[in-house]
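Chemist: Let me begin by handing over the structure; questions about it come next.
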Amino acid sequence: MKFFVDTADVAEIKDLAASGLLDGVTTNPSLIMKSGRPMLEVIKEVCAIVPGPVSAETVSTDHKKMLEEGRKLAKIAKNVAVKVPLTPDGLKTCKVLVSEGTMVNVTLCFSAAQALLAAKAGATFVSPFVGRLDDIGQDGMYLIAEIMTIFRQYPEYKTQVLVASVRHGQHVLQAAKLGAHVSTMPPSVLRGLFKHVLTDNGLKAFLDDWAKTGQSIL
Ligand code: G3P
């Protein structure tokens, strides 16, 4: 499974990229707003840090303007994945951008039918939002299971399922069990995956005992 981080915080991205475990980045207008920085500048910087796909979202709702925005975003760097919403105009834009060789991430997917449409439009990624479905009392992970089942029937669809709106490590694990291609998560969730109290306690005990031996490896 590929790990993307869902943030526009360049310092965080730099730090996580140094772990060697980061495969890509996703951003959205809300994350750009939170960063307080100009979007085009942020995307350019992130693309230079992370070689994998960096999602940059369009903000127009009509096809013509969305395409114009998508083309401008795609010019920033080869690893930009243009994000378009799961609407008729968004999917129309997706088809054109993909035919021009641009990666496209179709976002705001909340149903299996929508995911199927994104695959038919040739999307590179489709982003089902699991956390927001959980928030309204639905089962976000059930949607991932449904999409994976459908996509398996049609190997000709190359669209990767990018599990988004991830809120905790269990979302990541469940998505991995279902064979989802990518999880994008807040930096705190990615950092949390490393943690286990028995790892911390065990390491401390080993190092305490090692100090008692008076030895050194180097
Ligand atoms: O970037 C899309 C998605 O990951 C947003 O997550 O937490 O705002 O529902 P969230």
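Residues in the structure tokens are named by chain (A, B, ... in the order shown) and by number from 1 within that chain; ligands are numbered from 1 in the order shown.
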Identify, on the basis of only C-alpha atoms, every residue whose closest approach to Val46 (chain A) does not exceed 9 Å; exclude the query and any residue fewer than 4 positions from it along the same chain; express the result as a list in words.

Modeler: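 In the requested format, the answer is Ala8, Asp9, Val10, Ile13, Lys14, Val25, Glu41, Val42, Val50, Pro51 and Val54 of chain A.
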
Chemist: Restricting the output to all heavy atoms, write the selected residues as a PDB file, in the first residue's frame.

Modeler:
```
ATOM      1  N   ALA A   8      -0.774  20.489   3.629  1.00  0.00           N
ATOM      2  CA  ALA A   8      -0.070  21.478   2.798  1.00  0.00           C
ATOM      3  C   ALA A   8       1.039  22.127   3.625  1.00  0.00           C
ATOM      4  O   ALA A   8       1.536  23.191   3.280  1.00  0.00           O
ATOM      5  CB  ALA A   8      -1.058  22.518   2.304  1.00  0.00           C
ATOM      6  N   ASP A   9       1.396  21.475   4.731  1.00  0.00           N
ATOM      7  CA  ASP A   9       2.444  21.979   5.618  1.00  0.00           C
ATOM      8  C   ASP A   9       3.798  21.460   5.118  1.00  0.00           C
ATOM      9  O   ASP A   9       4.142  20.284   5.316  1.00  0.00           O
ATOM     10  CB  ASP A   9       2.147  21.491   7.049  1.00  0.00           C
ATOM     11  CG  ASP A   9       3.150  22.005   8.059  1.00  0.00           C
ATOM     12  OD1 ASP A   9       4.317  22.246   7.684  1.00  0.00           O
ATOM     13  OD2 ASP A   9       2.769  22.147   9.240  1.00  0.00           O
ATOM     14  N   VAL A  10       4.544  22.340   4.467  1.00  0.00           N
ATOM     15  CA  VAL A  10       5.789  21.924   3.805  1.00  0.00           C
ATOM     16  C   VAL A  10       6.816  21.371   4.798  1.00  0.00           C
ATOM     17  O   VAL A  10       7.518  20.394   4.503  1.00  0.00           O
ATOM     18  CB  VAL A  10       6.373  23.091   2.971  1.00  0.00           C
ATOM     19  CG1 VAL A  10       7.708  22.718   2.357  1.00  0.00           C
ATOM     20  CG2 VAL A  10       5.393  23.487   1.871  1.00  0.00           C
ATOM     21  N   ILE A  13       5.920  17.868   5.608  1.00  0.00           N
ATOM     22  CA  ILE A  13       6.169  16.993   4.450  1.00  0.00           C
ATOM     23  C   ILE A  13       7.659  16.675   4.346  1.00  0.00           C
ATOM     24  O   ILE A  13       8.046  15.528   4.137  1.00  0.00           O
ATOM     25  CB  ILE A  13       5.625  17.645   3.153  1.00  0.00           C
ATOM     26  CG1 ILE A  13       4.087  17.692   3.207  1.00  0.00           C
ATOM     27  CG2 ILE A  13       6.101  16.892   1.912  1.00  0.00           C
ATOM     28  CD1 ILE A  13       3.435  18.591   2.176  1.00  0.00           C
ATOM     29  N   LYS A  14       8.501  17.695   4.545  1.00  0.00           N
ATOM     30  CA  LYS A  14       9.952  17.515   4.487  1.00  0.00           C
ATOM     31  C   LYS A  14      10.385  16.480   5.514  1.00  0.00           C
ATOM     32  O   LYS A  14      11.148  15.562   5.238  1.00  0.00           O
ATOM     33  CB  LYS A  14      10.640  18.853   4.795  1.00  0.00           C
ATOM     34  CG  LYS A  14      11.613  19.254   3.718  1.00  0.00           C
ATOM     35  CD  LYS A  14      12.293  20.556   4.072  1.00  0.00           C
ATOM     36  CE  LYS A  14      12.230  21.478   2.882  1.00  0.00           C
ATOM     37  NZ  LYS A  14      12.507  22.856   3.127  1.00  0.00           N
ATOM     38  N   VAL A  25       1.643  13.047  -1.796  1.00  0.00           N
ATOM     39  CA  VAL A  25       1.004  14.071  -0.952  1.00  0.00           C
ATOM     40  C   VAL A  25      -0.343  14.425  -1.572  1.00  0.00           C
ATOM     41  O   VAL A  25      -0.491  14.441  -2.798  1.00  0.00           O
ATOM     42  CB  VAL A  25       1.894  15.341  -0.873  1.00  0.00           C
ATOM     43  CG1 VAL A  25       1.193  16.474  -0.130  1.00  0.00           C
ATOM     44  CG2 VAL A  25       3.230  15.021  -0.196  1.00  0.00           C
ATOM     45  N   GLU A  41       2.835  28.201  -5.007  1.00  0.00           N
ATOM     46  CA  GLU A  41       4.158  28.155  -4.369  1.00  0.00           C
ATOM     47  C   GLU A  41       4.296  26.860  -3.545  1.00  0.00           C
ATOM     48  O   GLU A  41       5.312  26.171  -3.631  1.00  0.00           O
ATOM     49  CB  GLU A  41       4.229  29.371  -3.448  1.00  0.00           C
ATOM     50  CG  GLU A  41       5.596  29.967  -3.239  1.00  0.00           C
ATOM     51  CD  GLU A  41       5.463  31.222  -2.377  1.00  0.00           C
ATOM     52  OE1 GLU A  41       5.071  32.264  -2.942  1.00  0.00           O
ATOM     53  OE2 GLU A  41       5.705  31.143  -1.147  1.00  0.00           O
ATOM     54  N   VAL A  42       3.259  26.562  -2.773  1.00  0.00           N
ATOM     55  CA  VAL A  42       3.284  25.353  -1.917  1.00  0.00           C
ATOM     56  C   VAL A  42       3.427  24.099  -2.784  1.00  0.00           C
ATOM     57  O   VAL A  42       4.272  23.229  -2.522  1.00  0.00           O
ATOM     58  CB  VAL A  42       1.993  25.257  -1.059  1.00  0.00           C
ATOM     59  CG1 VAL A  42       1.876  23.900  -0.377  1.00  0.00           C
ATOM     60  CG2 VAL A  42       1.947  26.381  -0.029  1.00  0.00           C
ATOM     61  N   VAL A  50       8.899  15.622  -2.728  1.00  0.00           N
ATOM     62  CA  VAL A  50       8.367  14.253  -2.867  1.00  0.00           C
ATOM     63  C   VAL A  50       8.295  13.886  -4.345  1.00  0.00           C
ATOM     64  O   VAL A  50       7.602  14.558  -5.105  1.00  0.00           O
ATOM     65  CB  VAL A  50       6.946  14.174  -2.233  1.00  0.00           C
ATOM     66  CG1 VAL A  50       6.381  12.781  -2.331  1.00  0.00           C
ATOM     67  CG2 VAL A  50       6.981  14.653  -0.795  1.00  0.00           C
ATOM     68  N   PRO A  51       9.004  12.832  -4.750  1.00  0.00           N
ATOM     69  CA  PRO A  51       8.965  12.473  -6.177  1.00  0.00           C
ATOM     70  C   PRO A  51       7.623  11.890  -6.626  1.00  0.00           C
ATOM     71  O   PRO A  51       7.276  11.952  -7.793  1.00  0.00           O
ATOM     72  CB  PRO A  51      10.080  11.430  -6.318  1.00  0.00           C
ATOM     73  CG  PRO A  51      10.481  11.041  -4.950  1.00  0.00           C
ATOM     74  CD  PRO A  51       9.938  12.015  -3.971  1.00  0.00           C
ATOM     75  N   VAL A  54       1.645  14.460  -6.308  1.00  0.00           N
ATOM     76  CA  VAL A  54       1.241  15.538  -5.394  1.00  0.00           C
ATOM     77  C   VAL A  54      -0.084  16.100  -5.908  1.00  0.00           C
ATOM     78  O   VAL A  54      -0.121  16.703  -6.982  1.00  0.00           O
ATOM     79  CB  VAL A  54       2.323  16.645  -5.340  1.00  0.00           C
ATOM     80  CG1 VAL A  54       1.843  17.823  -4.492  1.00  0.00           C
ATOM     81  CG2 VAL A  54       3.638  16.091  -4.800  1.00  0.00           C
TER      82      VAL A  54
END
```

Chemist: Do you know which residues are within 12 Å of ligand 1 using only C-alpha atoms and all ligand atoms? Can you write them as a PyMOL selection string?

Modeler: chain A and resi 4-8+25-32+34+54-57+83-85+105-110+126-136+140+162-168+171+182-189

Chemist: Please run DSSP on the backbone and report, as a PyMOL selection string, all residues within region 61-210 of chain A that come out as strand (DSSP E).

Modeler: chain A and resi 80-85+103-109+125-128+160-163+182-185

Chemist: Take the residues from that selection and put them in a file with N, CA and C atoms, as a short mmCIF file (atom, residue, chain, number, x, y, z; two decimals), in the first residue's frame.

Modeler:
```cif
data_model
loop_
_atom_site.label_atom_id
_atom_site.label_comp_id
_atom_site.auth_asym_id
_atom_site.auth_seq_id
_atom_site.Cartn_x
_atom_site.Cartn_y
_atom_site.Cartn_z
N VAL A 80 2.60 16.43 -10.52
CA VAL A 80 1.31 16.96 -10.06
C VAL A 80 0.19 16.03 -10.51
N ALA A 81 -0.69 15.70 -9.57
CA ALA A 81 -1.94 15.00 -9.92
C ALA A 81 -3.04 16.03 -9.72
N VAL A 82 -3.74 16.38 -10.79
CA VAL A 82 -4.78 17.40 -10.69
C VAL A 82 -6.02 16.77 -10.05
N LYS A 83 -6.52 17.47 -9.03
CA LYS A 83 -7.70 16.97 -8.33
C LYS A 83 -8.94 17.66 -8.89
N VAL A 84 -9.92 16.86 -9.26
CA VAL A 84 -11.20 17.42 -9.74
C VAL A 84 -12.32 16.78 -8.93
N PRO A 85 -13.43 17.50 -8.77
CA PRO A 85 -14.53 16.92 -7.98
C PRO A 85 -15.33 15.89 -8.77
N MET A 103 -1.80 13.17 -14.55
CA MET A 103 -2.45 12.33 -13.53
C MET A 103 -3.64 13.09 -12.97
N VAL A 104 -4.74 12.36 -12.74
CA VAL A 104 -5.92 13.02 -12.19
C VAL A 104 -6.43 12.23 -10.98
N ASN A 105 -6.74 12.98 -9.93
CA ASN A 105 -7.32 12.42 -8.71
C ASN A 105 -8.76 12.93 -8.60
N VAL A 106 -9.73 12.03 -8.75
CA VAL A 106 -11.13 12.45 -8.65
C VAL A 106 -11.54 12.37 -7.18
N THR A 107 -11.90 13.52 -6.65
CA THR A 107 -12.10 13.64 -5.20
C THR A 107 -13.58 13.77 -4.84
N LEU A 108 -13.86 13.73 -3.55
CA LEU A 108 -15.22 13.85 -3.02
C LEU A 108 -16.11 12.70 -3.50
N CYS A 109 -15.55 11.48 -3.43
CA CYS A 109 -16.31 10.28 -3.81
C CYS A 109 -16.96 9.68 -2.56
N PHE A 125 -6.51 8.24 -9.91
CA PHE A 125 -6.92 7.93 -8.53
C PHE A 125 -8.38 8.32 -8.36
N VAL A 126 -9.08 7.58 -7.50
CA VAL A 126 -10.39 8.04 -7.03
C VAL A 126 -10.30 8.08 -5.51
N SER A 127 -10.82 9.18 -4.93
CA SER A 127 -10.67 9.38 -3.48
C SER A 127 -12.00 9.25 -2.73
N PRO A 128 -12.31 8.07 -2.21
CA PRO A 128 -13.47 7.94 -1.33
C PRO A 128 -13.11 8.46 0.05
N GLN A 160 -6.59 3.82 -9.34
CA GLN A 160 -6.19 3.38 -8.00
C GLN A 160 -7.12 3.98 -6.95
N VAL A 161 -7.47 3.15 -5.97
CA VAL A 161 -8.36 3.61 -4.89
C VAL A 161 -7.49 4.28 -3.83
N LEU A 162 -7.73 5.58 -3.66
CA LEU A 162 -6.95 6.41 -2.72
C LEU A 162 -7.87 6.71 -1.53
N VAL A 163 -7.68 5.99 -0.47
CA VAL A 163 -8.58 6.15 0.69
C VAL A 163 -8.25 7.47 1.38
N VAL A 182 -3.88 3.07 -2.05
CA VAL A 182 -3.24 4.20 -1.36
C VAL A 182 -4.08 4.62 -0.16
N SER A 183 -3.41 5.05 0.90
CA SER A 183 -4.10 5.75 2.00
C SER A 183 -3.46 7.12 2.11
N THR A 184 -4.28 8.16 2.15
CA THR A 184 -3.71 9.47 2.44
C THR A 184 -4.18 9.85 3.83
N MET A 185 -3.24 10.29 4.65
CA MET A 185 -3.57 10.50 6.07
C MET A 185 -2.91 11.76 6.60
#
```

Chemist: Could you pull out the helix (DSSP H, G or I) residues of region 9-163 of chain A from DSSP and send them as a PyMOL selection string?

Modeler: chain A and resi 10-17+29-35+39-49+63-74+88-99+112-120+130-135+140-153

Chemist: Could you work out how far CA of Met148 (chain A) lies from CA of Gln174 (chain A), giving the answer in Å with one decimal?

Modeler: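 Going from CA of Gln174 (chain A) over to CA of Met148 (chain A) covers 12.3 Å.
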
Chemist: Could you check which of A:Ile43, A:Met1, A:Ile49, A:Ile217 is closest to Ala18 (chain A), using only C-alpha atoms?

Modeler: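 So, comparing all the options, the nearest one is A:Ile49.
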
Chemist: Any idea what the distance is between CA of Cys94 (chain A) and CA of Ala77 (chain A)?

Modeler: 17.7 Å

Chemist: Counting only C-alpha atoms, what is within 10 Å of region 154-158 of chain A, bar same-chain residues fewer than 5 positions away, as a list in words?

Modeler: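 Non-adjacent residues within range: Leu116, Ala118, Ala119, Lys120, Ala121, Gly122, Ala123, Thr124, Phe125 and Thr149 of chain A.
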
Chemist: Rounded to one decimal in Å, what is the spacing between CA of Asp209 (chain A) and CA of Gly192 (chain A)?

Modeler: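 Atom-to-atom, CA of Asp209 (chain A) to CA of Gly192 (chain A), that is 27.1 Å.
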
Chemist: Measuring atom to atom with only C-alpha atoms, identify which of A:Lys2, A:Gly169, A:Glu45, A:Leu193 is nearest to Leu22 (chain A).

Modeler: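 The closest residue to Leu22 (chain A) is A:Lys2.
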
Chemist: Using only C-alpha atoms for the distances, tell me which of A:Leu190, A:Ala176, A:Lys78, A:Lys95 is nearest to Asp15 (chain A).

Modeler: A:Leu190

Chemist: So, counting only C-alpha atoms, which residue among A:Leu21, A:Thr93, A:Gly179, A:Ile144 is closest to Leu67 (chain A)?

Modeler: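 Result for the nearest residue to Leu67 (chain A): A:Thr93.
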